[in-house]
Amino acid sequence: MRESKGILFVTFVLLGMVLAMQSRTILLAKQQNVVGQTSVQSLSAELEHEKNEGLRLQEELHKLEEREAEIMRQISNEGNPMINELLNKRHLLQTINGFTDVEGSGVIITLDDAPARNEMDPSQLIIHDSDIINILNELRAAGAQAFAINDERIIATSKQLCAGPTILINRNRYPVPYVVKAIGDPDELFNALEQSEVVTIMRIYDIQVSIRKESDIVIPRYRAYKNTESMISGLEVVEK
């Protein structure tokens, strides 16, 4: 009898310990969940604040650019030959380096991933940064004078980098399709691409490559910024 009571006592003690540990674990999990939710809310509020501050600075920058343009117009209207010569050189350098909008004839190339196929490695069916770089090199060799990818002006310091299924262009993230605009002789550019090895290989893998000539293409100037959404792309706070 005493042995039975002893066993029951030990059993209840162990059961109490197990229940206490379980209760502690559940309480700790709830506390961590509350802390996690608070952290997410705090980060979301901080991110929203930074986005609003970015919009304010962007608006301020637009006003400063408009003011600069107005000052330049006033200076050019004064009719000083020396100043006008300097302004013309400034405009020429801006044009050469991609800091002004340009317009002309050329080609527009639309690139899109190949349809999914089970027998193929998925990496062979998507467009990579190297594909776009090869396309740009073909256009340069054919005499293209200005480029843009999804209206991002390509200049000497521009980079195209793979970021998962997307590509970073001038630090802004873009998914497919990629629209490449190039100003130059339409026939030369069209023929150079249609006969190029890079386009032939892409089409073998069913990557979609559409090339068309255009008589009126506008390529925007390079901007160090675009919008606050693209600048923080990939940093959005999400709740799990």
# chains A, B, ... in the order shown; residues from 1 in each chain; ligands from 1
call {"tool": "residues_around", "arguments": {"residues": "Glu152 in chain A", "least_positions_apart": "6", "cutoff": "8 Å", "atoms": "only C-alpha atoms", "output": "VMD selection string"}}
result
chain A and resid 169 to 170 220 222
call {"tool": "write_last_selection", "arguments": {"atoms": "N, CA and C atoms", "output": "compact mmCIF listing (two decimals), in the first residue's frame"}}
result
# COMPACT_ATOMS: atom_id res chain seq x y z
N ILE A 169 18.56 46.97 -62.96
CA ILE A 169 19.05 47.89 -63.99
C ILE A 169 19.18 49.26 -63.33
N ASN A 170 20.40 49.80 -63.28
CA ASN A 170 20.63 51.05 -62.55
C ASN A 170 20.08 50.98 -61.13
N PRO A 220 14.61 58.37 -72.52
CA PRO A 220 14.73 59.38 -71.46
C PRO A 220 16.16 59.51 -70.94
N TYR A 222 19.23 59.79 -68.20
CA TYR A 222 19.59 59.01 -67.01
C TYR A 222 19.24 59.78 -65.76
call {"tool": "select_by_dssp", "arguments": {"residues": "range 31-150 of chain A", "states": "strand (DSSP E or B)", "output": "list in words"}}
result
Val102, Glu103, Gly104, Ser105, Gly106, Val107, Ile108, Ile109, Thr110, Leu111, Asp112, Ala146, Phe147, Ala148 and Ile149 of chain A
call {"tool": "select_by_dssp", "arguments": {"residues": "range 116-153 of chain A", "states": "alpha helix (DSSP H)", "output": "ChimeraX atom specification"}}
result
/A:129-141
call {"tool": "residues_around", "arguments": {"residues": "range 198-202 of chain A", "least_positions_apart": "5", "cutoff": "9 Å", "atoms": "only C-alpha atoms", "output": "ChimeraX atom specification"}}
result
/A:114,125,127,131,134-135,138,193,207-209
call {"tool": "write_last_selection", "arguments": {"atoms": "N, CA and C atoms", "output": "mmCIF file, in the first residue's frame"}}
result
data_model
loop_
_atom_site.group_PDB
_atom_site.id
_atom_site.type_symbol
_atom_site.label_atom_id
_atom_site.label_comp_id
_atom_site.auth_asym_id
_atom_site.auth_seq_id
_atom_site.Cartn_x
_atom_site.Cartn_y
_atom_site.Cartn_z
ATOM 1 N N ALA A 114 11.221 31.922 -71.861
ATOM 2 C CA ALA A 114 10.617 30.818 -72.604
ATOM 3 C C ALA A 114 9.543 30.147 -71.760
ATOM 4 N N LEU A 125 15.804 28.665 -69.438
ATOM 5 C CA LEU A 125 14.587 29.186 -70.060
ATOM 6 C C LEU A 125 14.309 30.637 -69.690
ATOM 7 N N ILE A 127 15.744 34.764 -69.025
ATOM 8 C CA ILE A 127 16.712 35.738 -69.525
ATOM 9 C C ILE A 127 17.658 36.132 -68.391
ATOM 10 N N ASP A 131 22.618 37.813 -71.159
ATOM 11 C CA ASP A 131 21.877 37.913 -72.426
ATOM 12 C C ASP A 131 21.651 39.366 -72.806
ATOM 13 N N ASN A 134 24.902 41.003 -73.879
ATOM 14 C CA ASN A 134 25.260 40.600 -75.249
ATOM 15 C C ASN A 134 24.427 41.343 -76.292
ATOM 16 N N ILE A 135 23.138 41.543 -75.985
ATOM 17 C CA ILE A 135 22.278 42.297 -76.900
ATOM 18 C C ILE A 135 22.797 43.730 -77.050
ATOM 19 N N GLU A 138 25.928 43.879 -79.206
ATOM 20 C CA GLU A 138 25.605 43.762 -80.635
ATOM 21 C C GLU A 138 25.107 45.102 -81.182
ATOM 22 N N LEU A 193 21.076 42.306 -85.233
ATOM 23 C CA LEU A 193 20.484 41.442 -84.218
ATOM 24 C C LEU A 193 19.920 40.162 -84.817
ATOM 25 N N ILE A 207 13.323 31.286 -75.937
ATOM 26 C CA ILE A 207 13.233 32.607 -75.321
ATOM 27 C C ILE A 207 12.684 33.568 -76.368
ATOM 28 N N GLN A 208 11.696 34.347 -75.982
ATOM 29 C CA GLN A 208 10.981 35.182 -76.948
ATOM 30 C C GLN A 208 11.755 36.465 -77.230
ATOM 31 N N VAL A 209 12.115 36.644 -78.487
ATOM 32 C CA VAL A 209 12.861 37.819 -78.917
ATOM 33 C C VAL A 209 12.116 38.458 -80.087
#
call {"tool": "residues_around", "arguments": {"residues": "Asp216 in chain A", "least_positions_apart": "5", "cutoff": "7 Å", "atoms": "only C-alpha atoms", "output": "PyMOL selection string"}}
result
chain A and resi 103-105
call {"tool": "residues_around", "arguments": {"residues": "range 90-101 of chain A", "least_positions_apart": "3", "cutoff": "8 Å", "atoms": "only C-alpha atoms", "output": "list in words"}}
result
Leu86, Leu87, Ala146, Arg153, Ile154, Ile155, Ala156, Val218, Ile219, Pro220, Arg221, Tyr222 and Arg223 of chain A
call {"tool": "closest_residue", "arguments": {"among": "A:Asn118, A:Gln124, A:Ser158, A:Thr110", "to": "Lys213 in chain A", "atoms": "only C-alpha atoms"}}
result
A:Thr110
